[in-house]
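Okay, structure first, notes after.
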Amino acid sequence: MSRQRQDQLLQALLRQDEWATAASLADALGVTPRSIRSYVAALNVRTADGDAVESGPAGYRPGPGAHAALRTRVTGESAPRDRLHALVRMLLDASDGIDIYETAERMHVSEATVESDLARVRGLLGAELRGTDLRIERDREVVRLQGTEVAQRRLLSRLAHDEMDAGSFHPESIRRALTGTTVAAHAVGPFKTAFVRELGELGYYVNELAISDVLLHIAIAADRVSAGRALETPISGTWEEIPKLGTVISRLAGEHFGVALGDGDSAHLATLVLTRAIAPGQNAASEAVRSGVDPAIDAAVRAEIVQAAADYQVDLVDEAFILRLALHVQNLLRRAQEQAWTRNPLTRSLKSSYPMIFEVAVSIASGLHDRLGAPIHDDEIAYIAMHIGGRLERSRKAETILTATIVCPGYYELHELLRSSVDRSLGSSVEVTSVVTTVDPDWASIDTDLVLTTIDPGTSGDRYVRIQPFLTDADVERVSQTAARIRRGRRLMRLREELSRYFVADAYIYPLPDEGDEAIIRRLGGLLVDTGLIGDDYVENTIIRERMSSTAFTDALAVPHALQMTAQRTAIAIGVADGSVAWGEGRVQVVALAAFSESDRTAFQTIFEQLVEVFSERDSVQRIVRRGTTFEALLDELVAVIDG
C-alpha cells in the first residue's frame with residue numbers, strides 16, 4: 001500500500017507542478033502529514049536522476065527526477081504488479097501451460113506467492129475482460145490460459161496500458177511495454193512516421209491521441225504472429241476501407257518489424273485503425289462522408305445535440321459538427337463490437353478545465369446509450385467533449401472579448417497606428433470600439449470595459465490601463481492581465497450572487513463522513529429531500545449520473561447532480577471533510593450536491609464553471625476547508641476567496 005501511495009504522491013505533485021504543503025497532500029491522499037514525509041524520503045532514496053521530490057519552506061514540488069522516477073516505478077523489479085504481469089505473460093506464451101513449482105523457482109518466490117498471484121490473475125480477467133471466454137484452467141500443478149487469440153491480445157494490451165498509464169504515452173513507456181516481445185521497440189517510431197504519412201496521403205486525418213494505442217496493437221500482433229499465433233479468420237466487417245488499410249499495415253509491418261501478416265491480422269488491425277485513430281480528412285466531400293454514416297446513428301446524434309443545445313442553452317446545432325460527431329459515434333459503436341476501447345490521455349485535464357463542456361458530453365453520451373446502446377466510459381466521453389469544445393470555442397471566445405476605448409490625443413496618424421497595434425496584439429481578447437483623440441475627454445462618459453490611454457486619466461479604476469503611443473510588449477502584457485482580472489472578477493461576482501441564493505443552511509455537513517460517494521450522495525440528498533426541494537427520485541438519478549462518470553472535477557471538489565432538472569428550485573447541499581473522503585477512484589475534500597430546476601437553467605453553467613474554478617486553486621481550497629467548519633464560516637470564506 002505504501003508503494004501505491006508513493007506513486008499517488010508523485011502523480012499528485014506532477015499534476016499540480018507547484019509547491020504543496022504536507023497537510024494539503026495528506027488531505028488529498030487520505031493519510032497523515034508524517035506519512036507524506038516518509039513517502040518523500042523513500043522516493044528520493046530510489047531516484048538516480050536527481051530528486052523526485054524537492055522540499056522547501058513552502059512544502060514539496062516535483063523535482064527534476066520526478067517523471068523518470070514514476071516511469072521507473074511503473075516497471076520496477078519486485079512490485080506485486082510486476083509479478084502479476086510477468087505471470088500473465090508466461091501464461092500467454094505457454095500454450096501447454098506453466099508448472100506452478102517451476103514458475104515459483106523461475107520468479108524466485110514461494111509456491112504460495114504464485115498461488116496468490118494466480119488468484120489476482122483470475123480477478124484481472126473477471127474485471128477487465130468480462131464477456132469474453134478467456135479463463136484459467138488447472139490440472140494439478142499445471143495452469144493454462146484458455147481463450148480466443150483476440151481475447152489474449154486484448155489482455156496483452158491491457159497489461160501494456162497498465163504499464164504505460166503513468167508515462168502518458170511517453171516513448172520510453174511504449175518501449176518498456178514491449179519488453180520481452182520479439183518486436184524491436186526502436187522500430188515502432190519509424191513505423192509510426194511512415195504509417196501516419198501514408199494515412200495522410202490516403203486522405204485521412206490521424207488522431208495523435210489514439211495512434212499510440214493502435215501502434216501497441218500492431219506491435220502485439222507482430223509479436224504474436226512471430227510466435228505462430230496468427231489470426232486465421234478475417235473479421236466479419238465489410239467496410240470498403242479495410243482491404244486498403246490492411247495492405248498498408250502489412251507492407252509496413254514487413255518493412256519495419258520483419259513480420260508477414262496474414263489476411264486475418266491485417267483486416268483486424270485495419271479495423272482498429274479505422275475505428276480508433278483516423279477520420280476522413282477535410283478534403284473529403286461532405287456528401288461522400290455522410291453517405292458512409294448509418295442513418296440511425298445520424299438521427300440519434302442529431303436528436304441528442306438538439307436536446308443538449310436546449311437543455312444547456314449552448315450553440316451546438318451545426319451540420320458539419322453533427323456529421324463529425326456522427327462519424328465518431330459510429331466508430332465508437334464499432335469499437336464496442338470489438339470491445340476495443342480507446343484511451344484518452346487528456347480525460348482528467350478536460351474534466352477539471354472544462355467541467356461544463358464535459359457535462360454536456362456526459363448528457364449526450366447518456367442519450368446515445370439509451371438510443372443506440374453506445375457504451376459510456378470516461379475516455380469516450382472525453383472525446384465527445386473535445387468535439388463539443390471545438391464547436392463551442394468560437395462562441396465562448398466571443399463571450400469573453402472585452403470592449404475597449406483608446407484615448408490617444410491626435411498627432412498625424414498616431415492614433416490609427418496605435419489602434420492597429422492593439423488589434424494585432426490583443427484582438428483575440430479585446431475589441432476596440434472607439435478611439436478618442438482629444439486631450440480632455442469626458443472620462444465618465446466612456447462606458448467600455450477597458451480604457452487604454454496614453455495620457456493620465458485623472459481618475460482611478462481597474463479598467464484604466466496606461467500604455468505608450470507605440471505599443472510595447474510590456475503594454476500588451478499589462479492590458480492582458482487587466483482584461484483577465486476583469487473577466488475573472490465578473491465570473492466570480494456572478495458566482496457570489498448565485499451561491500448566496502442556492503446554498504441551503506439546513507443542508508450542510510461538517511465533518512463529512514468518509515463512507516464512499518454513493519452513501520455521501522444519499523446523506524446530502526436526504527437533507528434536500530427533508531426541505532421538500534427534491535424528491536427521492538432526484539437522489540437516485542444523481543447516483544445513476546455518478547456511475548456514468550465521476551463528478552470529482554478537481555482533486556478537491558465533487559459536484560454530484562442528476563441530469564434531469566427536476567428540483568423545485570435550484571439548491572446546493574454541501575459537505576466539508578475533515579481531511580478528505582473517498583470519491584470514486586480518488587479523494588475529495590468538499591462535496592456540493594447540486595439540485596437544478598427547469599426554470600433556472602442559467603445557474604447550471606455558473607455553478608459548474610465558477611465553483612470548479614474556485615476549487616481548482618489549492619490555496620483557496622485549503623483556506624475554505626480549514627476555516628469552513630460551520631455553514632456561516634463556509635459562506636464567509638467563499639466570499640472572501642471570491643473577493644480576494
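By order in the C-alpha cells, chains are A, B, ...; within a chain, residues start at 1; ligands start at 1, following the order shown.
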
Test item: residues at most 6 Å from segment 143-150 of chain A, only C-alpha atoms, excluding those fewer than 3 positions along its chain, as a list in words = Leu91, Gly97, Ile98, Asp133, Leu134, Arg135, Ile136, Glu137, Arg138 and Arg153 of chain A

Keeping only N, CA, C and O atoms, take the residues you just selected and write them out as a PDB file, in the first residue's frame.
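The resulting file, part30.pdb, is reproduced below:
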```
ATOM      1  N   LEU A  91       1.792 -17.183 -19.003  1.00  0.00           N
ATOM      2  CA  LEU A  91       0.603 -17.941 -19.383  1.00  0.00           C
ATOM      3  C   LEU A  91       0.253 -17.722 -20.855  1.00  0.00           C
ATOM      4  O   LEU A  91      -0.165 -18.651 -21.556  1.00  0.00           O
ATOM      5  N   GLY A  97       0.669 -24.504 -21.015  1.00  0.00           N
ATOM      6  CA  GLY A  97       0.523 -24.165 -19.612  1.00  0.00           C
ATOM      7  C   GLY A  97       1.856 -24.047 -18.893  1.00  0.00           C
ATOM      8  O   GLY A  97       2.924 -24.328 -19.454  1.00  0.00           O
ATOM      9  N   ILE A  98       1.802 -23.603 -17.643  1.00  0.00           N
ATOM     10  CA  ILE A  98       3.002 -23.429 -16.828  1.00  0.00           C
ATOM     11  C   ILE A  98       2.902 -24.295 -15.582  1.00  0.00           C
ATOM     12  O   ILE A  98       1.805 -24.553 -15.073  1.00  0.00           O
ATOM     13  N   ASP A 133     -14.356 -15.306 -23.434  1.00  0.00           N
ATOM     14  CA  ASP A 133     -14.216 -16.684 -22.950  1.00  0.00           C
ATOM     15  C   ASP A 133     -12.811 -16.939 -22.427  1.00  0.00           C
ATOM     16  O   ASP A 133     -12.370 -18.084 -22.351  1.00  0.00           O
ATOM     17  N   LEU A 134     -12.099 -15.897 -22.048  1.00  0.00           N
ATOM     18  CA  LEU A 134     -10.743 -16.053 -21.516  1.00  0.00           C
ATOM     19  C   LEU A 134     -10.838 -16.530 -20.068  1.00  0.00           C
ATOM     20  O   LEU A 134     -11.504 -15.914 -19.245  1.00  0.00           O
ATOM     21  N   ARG A 135     -10.139 -17.614 -19.775  1.00  0.00           N
ATOM     22  CA  ARG A 135     -10.268 -18.199 -18.437  1.00  0.00           C
ATOM     23  C   ARG A 135      -9.006 -18.997 -18.110  1.00  0.00           C
ATOM     24  O   ARG A 135      -8.228 -19.360 -18.993  1.00  0.00           O
ATOM     25  N   ILE A 136      -8.831 -19.280 -16.819  1.00  0.00           N
ATOM     26  CA  ILE A 136      -7.713 -20.102 -16.358  1.00  0.00           C
ATOM     27  C   ILE A 136      -8.223 -21.513 -16.065  1.00  0.00           C
ATOM     28  O   ILE A 136      -9.233 -21.688 -15.386  1.00  0.00           O
ATOM     29  N   GLU A 137      -7.501 -22.524 -16.600  1.00  0.00           N
ATOM     30  CA  GLU A 137      -7.825 -23.920 -16.315  1.00  0.00           C
ATOM     31  C   GLU A 137      -6.628 -24.563 -15.628  1.00  0.00           C
ATOM     32  O   GLU A 137      -5.477 -24.219 -15.915  1.00  0.00           O
ATOM     33  N   ARG A 138      -6.896 -25.537 -14.733  1.00  0.00           N
ATOM     34  CA  ARG A 138      -5.809 -26.129 -13.953  1.00  0.00           C
ATOM     35  C   ARG A 138      -5.934 -27.649 -13.903  1.00  0.00           C
ATOM     36  O   ARG A 138      -7.030 -28.185 -13.732  1.00  0.00           O
ATOM     37  N   ARG A 153      -4.875 -11.224 -26.955  1.00  0.00           N
ATOM     38  CA  ARG A 153      -4.213  -9.971 -27.349  1.00  0.00           C
ATOM     39  C   ARG A 153      -4.786  -8.782 -26.579  1.00  0.00           C
ATOM     40  O   ARG A 153      -4.072  -7.845 -26.237  1.00  0.00           O
TER      41      ARG A 153
END
```

request  = Can you list, as a PyMOL selection string, all residues belonging to segment 491-571 of chain A that DSSP tags as strand (DSSP E or B)?
outcome  = chain A and resi 503-509+552+557-558+566-571

remark   = Taken to one decimal, the atom CA of Pro355 of chain A-atom CA of Leu10 of chain A distance is 24.5 Å

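From atom CA of Ser24 of chain A back to atom CA of Thr629 of chain A, the distance works out to 16.5 Å.
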
Point-to-point distance from atom CA of Lys192 of chain A to atom CA of Asp379 of chain A, Å rounded to tenths = 22.6 Å

key: Residues flagged alpha helix (DSSP H) by DSSP in segment 305-359 of chain A, as a ChimeraX atom specification   = /A:305-312,319-338,347-353,355-359

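With distances restricted to only C-alpha atoms, A:Cys408 is the closest residue to Leu452 of chain A from A:Leu209, A:Leu414, A:Leu29, A:Cys408.
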